[in-house]
>>> print(open('run30.cif').read())   # mmCIF, C-alpha atoms and all ligand atoms
data_model
loop_
_atom_site.label_atom_id
_atom_site.label_comp_id
_atom_site.auth_asym_id
_atom_site.auth_seq_id
_atom_site.Cartn_x
_atom_site.Cartn_y
_atom_site.Cartn_z
CA MET A 1 14.45 -16.64 54.57
CA ILE A 2 16.80 -15.27 51.89
CA PRO A 3 15.01 -12.92 49.46
CA ILE A 4 16.32 -13.71 46.00
CA LYS A 5 17.87 -10.74 44.31
CA VAL A 6 16.25 -10.83 40.90
CA ALA A 7 18.37 -9.07 38.36
CA GLY A 8 16.41 -6.58 36.28
CA PRO A 9 12.76 -5.59 36.82
CA ALA A 10 10.93 -5.79 40.18
CA PRO A 11 9.00 -9.05 40.67
CA SER A 12 5.63 -7.49 39.74
CA GLU A 13 6.95 -6.34 36.39
CA PRO A 14 7.66 -8.42 33.30
CA ARG A 15 10.99 -10.18 33.21
CA ASN A 16 12.73 -12.57 30.95
CA PRO A 17 11.97 -15.95 32.57
CA ALA A 18 14.95 -17.64 30.95
CA THR A 19 17.41 -15.04 32.30
CA ALA A 20 15.76 -15.17 35.74
CA ALA A 21 16.10 -18.97 35.77
CA LEU A 22 19.81 -18.84 34.91
CA GLN A 23 20.70 -17.15 38.18
CA TYR A 24 19.27 -20.08 40.17
CA LEU A 25 21.74 -22.40 38.49
CA GLN A 26 24.70 -20.50 39.89
CA PRO A 27 26.77 -21.91 42.78
CA GLY A 28 25.03 -21.69 46.18
CA ALA A 29 24.95 -22.98 49.74
CA LEU A 30 23.56 -26.49 49.07
CA ASN A 31 24.61 -29.60 47.18
CA LEU A 32 21.78 -31.69 45.78
CA ALA A 33 23.09 -34.81 44.05
CA ALA A 34 19.81 -35.18 42.09
CA LEU A 35 16.59 -33.22 41.78
CA PRO A 36 13.47 -34.64 43.49
CA PRO A 37 10.28 -35.70 41.69
CA LEU A 38 8.33 -32.71 40.39
CA SER A 39 4.55 -32.34 40.74
CA LEU A 40 2.22 -29.75 39.27
CA TYR A 41 -0.47 -28.03 41.36
CA ILE A 42 -3.14 -25.92 39.62
CA HIS A 43 -5.35 -23.69 41.75
CA TYR A 44 -8.96 -22.87 40.91
CA PRO A 45 -9.93 -20.00 43.23
CA TRP A 46 -13.76 -19.83 43.26
CA CYS A 47 -16.49 -21.47 45.33
CA VAL A 48 -20.28 -21.11 45.28
CA ARG A 49 -20.12 -19.82 48.87
CA LYS A 50 -17.31 -19.33 51.37
CA CYS A 51 -17.50 -21.90 54.20
CA PRO A 52 -17.17 -20.35 57.69
CA TYR A 53 -14.20 -22.56 58.70
CA CYS A 54 -12.17 -22.23 55.50
CA ASP A 55 -8.93 -20.28 55.14
CA PHE A 56 -7.98 -21.57 51.69
CA ASN A 57 -7.59 -19.08 48.86
CA SER A 58 -11.22 -19.35 47.78
CA HIS A 59 -13.50 -16.53 46.69
CA GLU A 60 -17.27 -16.48 46.50
CA ALA A 61 -18.39 -16.64 42.85
CA LYS A 62 -20.39 -13.53 42.08
CA GLY A 63 -22.12 -13.79 38.72
CA GLU A 64 -20.56 -15.55 35.77
CA LEU A 65 -16.97 -16.69 36.31
CA PRO A 66 -14.27 -15.41 33.93
CA GLU A 67 -13.29 -18.99 33.11
CA LYS A 68 -11.63 -18.20 29.78
CA ASP A 69 -9.62 -15.25 31.15
CA TYR A 70 -8.53 -17.37 34.10
CA LEU A 71 -7.45 -20.34 31.98
CA ASP A 72 -5.60 -17.97 29.64
CA ALA A 73 -3.74 -16.57 32.66
CA VAL A 74 -2.94 -20.07 33.98
CA ARG A 75 -1.46 -20.95 30.60
CA LEU A 76 0.64 -17.77 30.62
CA ASP A 77 1.75 -18.61 34.17
CA LEU A 78 2.82 -22.08 33.06
CA GLU A 79 4.64 -20.75 29.99
CA GLN A 80 6.52 -18.20 32.10
CA SER A 81 7.48 -20.90 34.63
CA LEU A 82 8.92 -23.35 32.12
CA PRO A 83 12.55 -22.14 32.31
CA LEU A 84 12.58 -23.05 36.03
CA ILE A 85 11.83 -26.70 35.28
CA TRP A 86 13.42 -27.30 31.86
CA GLY A 87 13.76 -30.95 30.98
CA ARG A 88 11.96 -32.27 34.06
CA LYS A 89 9.00 -34.67 33.82
CA ILE A 90 5.82 -34.12 35.80
CA HIS A 91 5.23 -36.88 38.33
CA THR A 92 1.64 -35.97 39.38
CA VAL A 93 -0.94 -33.25 38.74
CA PHE A 94 -3.42 -31.91 41.30
CA ILE A 95 -6.22 -29.49 40.41
CA GLY A 96 -7.36 -28.02 43.73
CA GLY A 97 -9.31 -25.12 45.10
CA GLY A 98 -11.57 -23.57 45.75
CA THR A 99 -13.99 -25.68 43.79
CA PRO A 100 -12.45 -26.87 40.51
CA SER A 101 -15.63 -28.84 39.76
CA LEU A 102 -17.25 -25.47 38.94
CA MET A 103 -15.16 -25.58 35.76
CA SER A 104 -16.96 -26.49 32.55
CA ALA A 105 -16.06 -29.80 30.88
CA ALA A 106 -14.57 -27.83 27.95
CA GLY A 107 -12.57 -25.63 30.36
CA LEU A 108 -11.02 -28.60 32.14
CA ASP A 109 -10.26 -30.28 28.83
CA ARG A 110 -8.51 -27.15 27.59
CA LEU A 111 -6.55 -26.88 30.86
CA LEU A 112 -5.24 -30.44 30.68
CA SER A 113 -4.42 -30.17 26.99
CA ASP A 114 -2.43 -26.97 27.74
CA VAL A 115 -0.56 -28.89 30.43
CA ARG A 116 0.18 -31.78 28.08
CA THR A 117 1.27 -29.45 25.28
CA LEU A 118 3.73 -27.59 27.49
CA LEU A 119 4.98 -30.28 29.85
CA PRO A 120 6.04 -33.92 29.62
CA LEU A 121 3.95 -36.02 32.02
CA GLU A 122 5.28 -39.31 33.36
CA ILE A 123 3.45 -42.27 31.86
CA GLY A 124 0.36 -43.04 33.96
CA ALA A 125 0.80 -39.84 36.01
CA GLU A 126 -1.80 -39.48 38.77
CA ILE A 127 -4.11 -36.56 37.84
CA THR A 128 -6.37 -35.61 40.75
CA MET A 129 -9.19 -33.10 40.77
CA GLU A 130 -11.05 -31.80 43.83
CA ALA A 131 -14.83 -31.78 43.61
CA ASN A 132 -17.64 -30.57 45.85
CA PRO A 133 -20.98 -32.33 46.26
CA GLY A 134 -23.54 -29.82 45.10
CA THR A 135 -21.66 -29.40 41.81
CA PHE A 136 -22.06 -32.99 40.57
CA GLU A 137 -23.52 -33.79 37.17
CA GLN A 138 -22.79 -37.29 35.92
CA GLU A 139 -22.06 -36.26 32.31
CA ARG A 140 -19.61 -33.51 33.29
CA PHE A 141 -17.70 -35.88 35.54
CA LYS A 142 -17.47 -38.43 32.71
CA SER A 143 -16.00 -35.65 30.56
CA TYR A 144 -13.45 -34.79 33.27
CA ARG A 145 -12.42 -38.46 33.26
CA ASP A 146 -12.24 -38.57 29.46
CA SER A 147 -10.02 -35.47 29.51
CA GLY A 148 -7.52 -37.32 31.70
CA VAL A 149 -8.53 -36.89 35.34
CA ASN A 150 -7.90 -40.32 36.90
CA ARG A 151 -8.51 -39.57 40.59
CA LEU A 152 -11.31 -37.57 42.20
CA SER A 153 -11.11 -36.09 45.69
CA ILE A 154 -14.54 -35.21 47.07
CA GLY A 155 -15.10 -32.77 49.96
CA ILE A 156 -17.89 -34.67 51.71
CA GLN A 157 -17.10 -33.37 55.25
CA SER A 158 -20.10 -35.17 56.79
CA PHE A 159 -23.13 -37.21 55.77
CA SER A 160 -25.28 -35.60 58.45
CA GLY A 161 -27.67 -32.89 57.30
CA SER A 162 -27.44 -30.92 60.53
CA HIS A 163 -23.63 -30.96 60.60
CA LEU A 164 -23.43 -29.96 56.95
CA LYS A 165 -25.70 -27.04 57.77
CA ALA A 166 -23.54 -26.05 60.75
CA LEU A 167 -20.51 -26.12 58.45
CA GLY A 168 -22.28 -23.81 55.98
CA ARG A 169 -21.95 -26.35 53.16
CA ILE A 170 -23.96 -25.92 49.99
CA HIS A 171 -24.83 -29.64 49.89
CA ASP A 172 -27.11 -31.81 52.02
CA GLU A 173 -26.84 -35.48 52.96
CA ARG A 174 -28.71 -36.64 49.84
CA GLU A 175 -26.24 -34.79 47.58
CA ALA A 176 -23.31 -36.15 49.57
CA LEU A 177 -24.49 -39.73 48.95
CA ARG A 178 -25.22 -39.00 45.29
CA ALA A 179 -21.77 -37.47 44.76
CA VAL A 180 -20.03 -40.56 46.12
CA GLU A 181 -22.24 -42.80 43.99
CA ILE A 182 -21.37 -40.84 40.82
CA ALA A 183 -17.66 -40.81 41.73
CA ARG A 184 -17.67 -44.57 42.36
CA CYS A 185 -19.32 -45.29 39.01
CA THR A 186 -17.04 -42.94 37.09
CA PHE A 187 -13.59 -43.22 38.70
CA ASP A 188 -11.64 -46.30 39.81
CA ASN A 189 -9.59 -44.13 42.13
CA PHE A 190 -11.21 -41.61 44.46
CA ASN A 191 -10.79 -40.02 47.87
CA LEU A 192 -13.38 -38.81 50.37
CA ASP A 193 -12.55 -35.88 52.69
CA LEU A 194 -14.37 -36.04 56.03
CA MET A 195 -13.96 -33.70 58.96
CA PHE A 196 -14.53 -34.69 62.59
CA ALA A 197 -14.80 -32.88 65.94
CA LEU A 198 -17.58 -30.85 64.30
CA PRO A 199 -19.79 -28.42 66.23
CA SER A 200 -21.81 -30.44 68.82
CA GLN A 201 -20.77 -33.76 67.22
CA THR A 202 -20.95 -36.90 69.38
CA LEU A 203 -18.63 -39.91 69.13
CA GLU A 204 -21.50 -41.95 67.66
CA GLU A 205 -22.20 -39.34 65.01
CA ALA A 206 -18.54 -39.24 63.99
CA ARG A 207 -18.55 -43.06 63.83
CA ARG A 208 -21.68 -43.03 61.65
CA ASP A 209 -20.09 -40.57 59.21
CA LEU A 210 -17.01 -42.76 58.91
CA GLN A 211 -19.03 -45.98 58.52
CA THR A 212 -21.17 -44.37 55.81
CA ALA A 213 -18.02 -43.26 53.98
CA MET A 214 -16.44 -46.72 54.26
CA SER A 215 -19.65 -48.41 53.04
CA PHE A 216 -18.67 -47.07 49.58
CA ALA A 217 -15.22 -48.71 49.90
CA PRO A 218 -13.28 -45.58 48.84
CA PRO A 219 -9.66 -46.41 47.94
CA HIS A 220 -8.57 -43.39 50.03
CA LEU A 221 -9.95 -41.47 52.99
CA SER A 222 -8.79 -38.16 54.45
CA MET A 223 -9.98 -37.56 58.01
CA TYR A 224 -9.40 -33.97 59.13
CA HIS A 225 -9.86 -32.68 62.66
CA LEU A 226 -11.83 -29.42 62.23
CA THR A 227 -9.49 -26.58 63.15
CA MET A 228 -10.33 -22.96 63.89
CA GLU A 229 -8.26 -20.96 61.43
CA PRO A 230 -7.54 -17.26 62.00
CA ASN A 231 -9.54 -14.80 59.87
CA THR A 232 -12.48 -17.15 59.35
CA VAL A 233 -16.09 -16.69 60.44
CA PHE A 234 -15.65 -19.58 62.94
CA ALA A 235 -12.63 -17.84 64.48
CA LYS A 236 -14.75 -14.74 65.05
CA TYR A 237 -17.90 -16.58 66.20
CA PRO A 238 -16.62 -19.91 67.57
CA PRO A 239 -19.17 -22.73 67.57
CA ALA A 240 -19.48 -25.22 70.48
CA LEU A 241 -16.85 -27.87 69.74
CA PRO A 242 -16.14 -31.29 71.27
CA ASP A 243 -13.56 -31.02 74.07
CA ASP A 244 -10.04 -32.47 73.79
CA ASP A 245 -10.99 -35.79 75.44
CA LEU A 246 -13.88 -36.35 73.08
CA SER A 247 -11.89 -35.45 69.97
CA ALA A 248 -9.08 -37.79 71.15
CA ASP A 249 -11.74 -40.55 71.49
CA MET A 250 -12.87 -39.77 67.93
CA GLN A 251 -9.29 -40.05 66.70
CA ASP A 252 -8.92 -43.47 68.44
CA MET A 253 -12.23 -44.63 66.97
CA ILE A 254 -11.04 -43.58 63.48
CA LEU A 255 -7.74 -45.46 63.88
CA GLU A 256 -9.52 -48.64 65.00
CA ALA A 257 -12.35 -48.57 62.47
CA THR A 258 -10.15 -47.78 59.45
CA ALA A 259 -7.62 -50.48 60.42
CA ALA A 260 -10.43 -53.03 60.85
CA ALA A 261 -11.65 -52.14 57.33
CA GLY A 262 -8.18 -52.67 55.82
CA TYR A 263 -6.97 -49.06 55.50
CA GLU A 264 -3.33 -48.18 56.09
CA HIS A 265 -2.87 -45.04 58.18
CA TYR A 266 0.16 -43.63 56.39
CA GLU A 267 0.01 -39.93 57.21
CA VAL A 268 -1.53 -37.86 60.02
CA SER A 269 -4.90 -37.50 58.22
CA ALA A 270 -4.59 -40.01 55.36
CA TYR A 271 -5.83 -43.60 55.14
CA ALA A 272 -5.50 -45.76 52.04
CA LYS A 273 -6.20 -49.24 50.76
CA ALA A 274 -3.02 -51.08 49.67
CA GLY A 275 -1.44 -49.37 46.65
CA LYS A 276 -3.80 -46.38 46.81
CA ARG A 277 -1.74 -43.82 48.71
CA ALA A 278 -1.97 -40.32 47.24
CA LYS A 279 1.16 -39.96 45.11
CA HIS A 280 0.81 -36.19 44.82
CA ASN A 281 0.58 -35.65 48.57
CA LEU A 282 3.35 -38.18 49.23
CA ASN A 283 5.60 -35.99 47.12
CA TYR A 284 4.84 -33.02 49.42
CA TRP A 285 5.49 -35.09 52.55
CA GLY A 286 8.75 -36.43 51.10
CA PHE A 287 9.86 -32.81 50.50
CA GLY A 288 9.59 -33.24 46.75
CA ASP A 289 9.24 -30.36 44.29
CA TYR A 290 6.05 -28.77 43.01
CA LEU A 291 5.27 -26.03 40.57
CA GLY A 292 2.07 -24.30 41.74
CA ILE A 293 0.25 -22.25 39.11
CA GLY A 294 -2.94 -20.21 39.37
CA ALA A 295 -4.08 -17.61 41.92
CA GLY A 296 -2.28 -17.87 45.27
CA ALA A 297 -0.49 -21.12 44.34
CA HIS A 298 2.82 -21.92 46.03
CA SER A 299 5.87 -23.56 44.44
CA LYS A 300 8.96 -25.30 45.76
CA ILE A 301 11.59 -25.86 43.11
CA SER A 302 15.07 -27.32 43.64
CA PHE A 303 18.24 -26.51 41.77
CA PRO A 304 21.64 -28.14 42.30
CA HIS A 305 22.66 -25.48 44.87
CA ARG A 306 19.44 -23.92 46.19
CA VAL A 307 15.73 -24.47 46.82
CA LEU A 308 13.32 -21.78 45.75
CA ARG A 309 9.85 -20.95 47.08
CA GLN A 310 7.32 -18.80 45.22
CA ALA A 311 3.79 -17.50 45.86
CA ARG A 312 1.46 -16.11 43.19
CA TYR A 313 -1.00 -13.21 43.59
CA LYS A 314 -3.98 -14.44 45.61
CA GLN A 315 -6.87 -12.38 44.24
CA PRO A 316 -8.06 -13.92 40.96
CA GLY A 317 -8.28 -10.47 39.28
CA SER A 318 -4.76 -9.46 40.38
CA PHE A 319 -3.41 -12.84 39.30
CA ILE A 320 -4.98 -12.54 35.82
CA GLU A 321 -3.62 -9.01 35.34
CA ALA A 322 -0.14 -9.93 36.63
CA ALA A 323 0.04 -12.98 34.34
CA LYS A 324 -0.90 -10.76 31.37
CA ARG A 325 1.87 -8.33 32.38
CA GLY A 326 4.32 -11.21 32.38
CA ASN A 327 4.89 -12.09 36.02
CA PRO A 328 2.18 -13.54 38.32
CA VAL A 329 4.75 -14.33 41.07
CA GLN A 330 4.22 -11.97 44.00
CA GLU A 331 6.90 -13.29 46.33
CA GLU A 332 9.98 -15.42 45.85
CA HIS A 333 12.72 -16.51 48.21
CA GLU A 334 15.39 -19.12 48.65
CA ILE A 335 15.05 -21.47 51.65
CA ALA A 336 17.88 -20.55 54.02
CA ARG A 337 20.29 -23.32 55.03
CA GLY A 338 19.29 -22.80 58.65
CA ASP A 339 15.58 -23.36 57.88
CA MET A 340 16.03 -26.42 55.71
CA GLY A 341 16.09 -29.05 58.50
CA PHE A 342 12.83 -27.76 59.97
CA GLU A 343 11.11 -27.46 56.58
CA PHE A 344 12.05 -31.05 55.70
CA MET A 345 10.99 -32.44 59.10
CA LEU A 346 7.73 -30.46 59.12
CA ASN A 347 6.67 -32.56 56.14
CA ALA A 348 8.44 -35.88 56.61
CA LEU A 349 7.38 -36.34 60.26
CA ARG A 350 3.77 -36.46 59.07
CA LEU A 351 4.49 -39.91 57.60
CA THR A 352 3.49 -42.48 60.21
CA GLU A 353 5.96 -45.06 58.85
CA GLY A 354 8.77 -42.49 58.79
CA PHE A 355 11.49 -42.17 56.17
CA ASP A 356 14.97 -43.33 55.17
CA PRO A 357 17.60 -40.98 56.71
CA ASN A 358 19.27 -40.76 53.25
CA LEU A 359 16.20 -38.87 52.02
CA PHE A 360 17.23 -35.93 54.19
CA GLY A 361 20.49 -35.48 52.27
CA GLU A 362 18.86 -36.08 48.89
CA ARG A 363 16.18 -33.45 49.39
CA THR A 364 18.00 -30.77 51.37
CA GLY A 365 21.50 -31.04 49.92
CA MET A 366 22.81 -31.09 53.51
CA ASN A 367 24.26 -33.73 55.80
CA ILE A 368 21.91 -35.30 58.38
CA SER A 369 24.42 -34.20 61.04
CA ALA A 370 22.77 -30.76 60.68
CA ILE A 371 19.84 -32.10 62.74
CA THR A 372 21.65 -34.53 65.06
CA LYS A 373 20.97 -32.47 68.18
CA PRO A 374 17.16 -32.28 67.84
CA LEU A 375 17.06 -35.91 66.64
CA ASN A 376 18.83 -37.01 69.84
CA GLU A 377 16.61 -34.86 72.02
CA ALA A 378 13.41 -36.13 70.38
CA GLU A 379 14.62 -39.72 70.75
CA ALA A 380 15.43 -39.16 74.43
CA LYS A 381 11.90 -37.83 74.99
CA GLY A 382 10.36 -40.91 73.38
CA LEU A 383 8.91 -38.87 70.49
CA LEU A 384 11.07 -40.39 67.78
CA TYR A 385 12.41 -43.81 66.76
CA ARG A 386 15.71 -43.88 64.90
CA ASP A 387 18.10 -46.43 63.44
CA HIS A 388 20.45 -46.29 60.43
CA LYS A 389 17.63 -47.19 58.01
CA LEU A 390 14.64 -45.37 59.48
CA ILE A 391 13.51 -42.23 61.27
CA LYS A 392 9.89 -42.18 62.39
CA PRO A 393 7.63 -40.57 64.96
CA THR A 394 6.64 -42.89 67.81
CA GLU A 395 2.97 -43.10 68.82
CA LEU A 396 3.71 -40.42 71.40
CA GLY A 397 5.43 -38.35 68.70
CA GLN A 398 2.37 -38.68 66.45
CA ARG A 399 0.11 -37.53 69.28
CA PHE A 400 2.33 -34.53 70.02
CA LEU A 401 3.40 -33.91 66.44
CA ASN A 402 3.52 -30.11 66.74
CA ASP A 403 5.91 -30.32 69.69
CA LEU A 404 8.07 -32.84 67.83
CA GLN A 405 8.21 -30.70 64.68
CA GLU A 406 9.04 -27.57 66.68
CA MET A 407 12.15 -29.26 68.08
CA PHE A 408 13.70 -28.87 64.63
CA LEU A 409 13.26 -25.10 64.62
CA VAL A 410 16.62 -23.49 65.12
CA GLY A 411 17.57 -20.00 66.18
C1 LIG A 501 -8.69 -27.50 49.80
S1 LIG A 501 -10.05 -27.97 50.78
C2 LIG A 501 -11.21 -27.83 49.51
C3 LIG A 501 -11.99 -28.95 48.97
C4 LIG A 501 -13.34 -28.56 48.44
N1 LIG A 501 -13.40 -27.22 48.02
C5 LIG A 501 -14.39 -28.75 49.52
O1 LIG A 501 -14.41 -27.99 50.46
O2 LIG A 501 -15.18 -29.66 49.34
C6 LIG A 501 -9.64 -29.63 51.12
C7 LIG A 501 -10.18 -30.16 52.42
O3 LIG A 501 -9.63 -29.51 53.53
C8 LIG A 501 -10.47 -29.74 54.64
N2 LIG A 501 -10.55 -28.50 55.43
C9 LIG A 501 -10.77 -27.26 54.97
N3 LIG A 501 -10.77 -26.37 56.00
C10 LIG A 501 -10.56 -27.09 57.13
C11 LIG A 501 -10.46 -26.77 58.52
N4 LIG A 501 -10.59 -25.53 58.95
N5 LIG A 501 -10.22 -27.77 59.39
C12 LIG A 501 -10.07 -29.03 58.96
N6 LIG A 501 -10.15 -29.40 57.67
C13 LIG A 501 -10.40 -28.43 56.76
C14 LIG A 501 -11.82 -30.17 54.11
O4 LIG A 501 -12.07 -31.51 54.44
C15 LIG A 501 -11.67 -30.00 52.61
O5 LIG A 501 -12.38 -30.97 51.91
S1 LIG A 502 -15.98 -25.24 49.35
FE1 LIG A 502 -13.94 -25.89 50.07
S2 LIG A 502 -12.49 -24.36 49.34
FE2 LIG A 502 -14.56 -23.53 49.09
S3 LIG A 502 -14.90 -22.29 50.89
FE3 LIG A 502 -15.72 -24.32 51.34
S4 LIG A 502 -14.00 -25.49 52.26
FE4 LIG A 502 -13.15 -23.64 51.31
#
>>> encode(input="run30.cif", output="structure tokens", more="lines below")
Ligand SMILES: C[S@@+](CC[C@H](N)C(=O)[O-])C[C@H]1O[C@@H](n2cnc3c(N)ncnc32)[C@H](O)[C@@H]1O
Ligand code: SF4
Amino acid sequence: MIPIKVAGPAPSEPRNPATAALQYLQPGALNLAALPPLSLYIHYPWCVRKCPYCDFNSHEAKGELPEKDYLDAVRLDLEQSLPLIWGRKIHTVFIGGGTPSLMSAAGLDRLLSDVRTLLPLEIGAEITMEANPGTFEQERFKSYRDSGVNRLSIGIQSFSGSHLKALGRIHDEREALRAVEIARCTFDNFNLDLMFALPSQTLEEARRDLQTAMSFAPPHLSMYHLTMEPNTVFAKYPPALPDDDLSADMQDMILEATAAAGYEHYEVSAYAKAGKRAKHNLNYWGFGDYLGIGAGAHSKISFPHRVLRQARYKQPGSFIEAAKRGNPVQEEHEIARGDMGFEFMLNALRLTEGFDPNLFGERTGMNISAITKPLNEAEAKGLLYRDHKLIKPTELGQRFLNDLQEMFLVG
């Protein structure tokens, strides 16, 4: 990691964004022939209650939320970020959380009109919003759609009342079904998030959850293996979880059942009907660029000779204050040449169909020879398939993805 030396004030103090941006255009260690597609991520940091397994930047809403102050700060954040992305069109927008569906219809409308005023969106840009069952009101969701949201991603997790309770969710099975029904009537394009390998879950219960989800014919499904994240309630008080054999059986069941229903398994956890892959997430996995605004949001922004990463203040109050002071970015660094191969492969190896080797050069500004050694080793171990047009993880590589990705760590 190379900390960027920002000329002038310390990062937590105001700075002239245009001057700061100029230094990134100076000669550097990389050579990118063209800049990648650019997405916009907007973080909404509050939830009704914190789920015991969750390590996202989400904060329990206590009392009335400072929606106006927050949206003012997000606008300031966007304005201050503009010099970093001058002239570039926005490929996709993702409003994530937290629980963005806690936002009022007027708040969301204001947010998207701020985005449109300040940034050029590509025609027909995918605009996704995350929503939680338990926050669904038909009229509000129609307003979200009318304001420009054209894809909804719903955190269902399970359709079983007892599993939802074990996960500490605020919704029950009735609300889960109702949320999908409202989404289906309101949005042509929607995704359902389910988790599996839940506390005490059987193979049959996991199958039932998946079949219930697929009975609504969602264009996209995300199937996440529940993981124990550090610093969560589940990490401190671990629930009884299915063993490795059972969760591998669940994974096999998911692969078979989704394929039989016509879903393409295109990324570790993502399944889509033809033409319905998540464009925003595909940009992450293809090592594209994203400007992340809002509390705790992360950015990756390319310049002709360097790639920059940023993180904003995580606490909503600190973020709002920092944005008012003129700089909500808490940490900023340039990706070191030596880390670039790993960072690219960490993302691209998640794609089950792999990628064109030329993409490596386009996105990293380096020659693919930089990763020849680990590519050869991974191929020799049967974890990777490679020819001059394609690099992709084999089935074995998909099963042992962490090991495969780690092979690209250098030093
Ligand atoms: C950014 S989260 C938030 C979405 C929304 N707030 C919700 O929970 O309904 C996106 C998804 O990540 C998944 N997720 C969160 N924590 C997880 C964990 N510890 N293990 C596996 N999946 C997790 C859940 O399926 C969740 O819907
Ligand atoms: S609702 Fe979603 S973001 Fe909020 S705490 Fe639960 S899992 Fe995390």
>>> axis_aligned_box(input="run30.cif", around="segment 199-206 of chain A", padding_each_side="8 Å", output="lines of an AutoDock Vina configuration file")
center_x = -20.4
center_y = -35.2
center_z = 66.7
size_x = 19.7
size_y = 29.5
size_z = 21.4
>>> residues_around(input="run30.cif", residues="segment 53-70 of chain A", least_positions_apart="5", cutoff="7 Å", atoms="all atoms listed in the file", output="list in words")
Pro45, Trp46, Cys47, Val48, Gly97, Gly98, Met228, Glu229, Thr232, Val233, Phe234, Gly296, Lys314 and Ile320 of chain A
>>> residues_around(input="run30.cif", residues="Ser143 of chain A", least_positions_apart="6", cutoff="9 Å", atoms="only C-alpha atoms", output="number ranges by chain")
A: 105-106, 108-109, 149
>>> residues_near_ligand(input="run30.cif", ligand="ligand LIG 501 (chain A)", cutoff="8 Å", atoms="only C-alpha atoms and all ligand atoms", output="ChimeraX atom specification")
/A:47,51,53-56,96-100,130-133,153-157,193-195,222-229
>>> atom_distance(input="run30.cif", atom1="atom CA of Leu152 of chain A", atom2="atom CA of Asn191 of chain A")
6.2 Å
>>> residues_around(input="run30.cif", residues="Asn31 of chain A", least_positions_apart="3", cutoff="7 Å", atoms="only C-alpha atoms", output="PDB file with C-alpha atoms, in the coordinates of the input")
ATOM      1  CA  PRO A 304      21.640 -28.140  42.300  1.00  0.00           C
ATOM      2  CA  HIS A 305      22.660 -25.480  44.870  1.00  0.00           C
ATOM      3  CA  GLY A 365      21.500 -31.040  49.920  1.00  0.00           C
ATOM      4  CA  MET A 366      22.810 -31.090  53.510  1.00  0.00           C
TER       5      MET A 366
END
>>> residues_around(input="run30.cif", residues="segment 337-344 of chain A", least_positions_apart="6", cutoff="6 Å", atoms="all atoms listed in the file", output="MDAnalysis selection string")
chainID A and resid 287 408:409
>>> residues_around(input="run30.cif", residues="segment 163-178 of chain A", least_positions_apart="3", cutoff="7 Å", atoms="all atoms listed in the file", output="NGL selection string")
:A and (51-52 or 133-134 or 156 or 158-160 or 181-182)
>>> closest_residue(input="run30.cif", among="A:Met214, A:Glu395, A:Ile123, A:Tyr44", to="ligand LIG 502 (chain A)", atoms="only C-alpha atoms and all ligand atoms")
A:Tyr44
>>> closest_residue(input="run30.cif", among="A:Pro219, A:Ser302, A:Tyr237, A:Ala297", to="Gly262 of chain A", atoms="all atoms listed in the file")
A:Pro219
>>> atom_distance(input="run30.cif", atom1="atom CA of Ser162 of chain A", atom2="atom CA of Glu204 of chain A")
14.4 Å
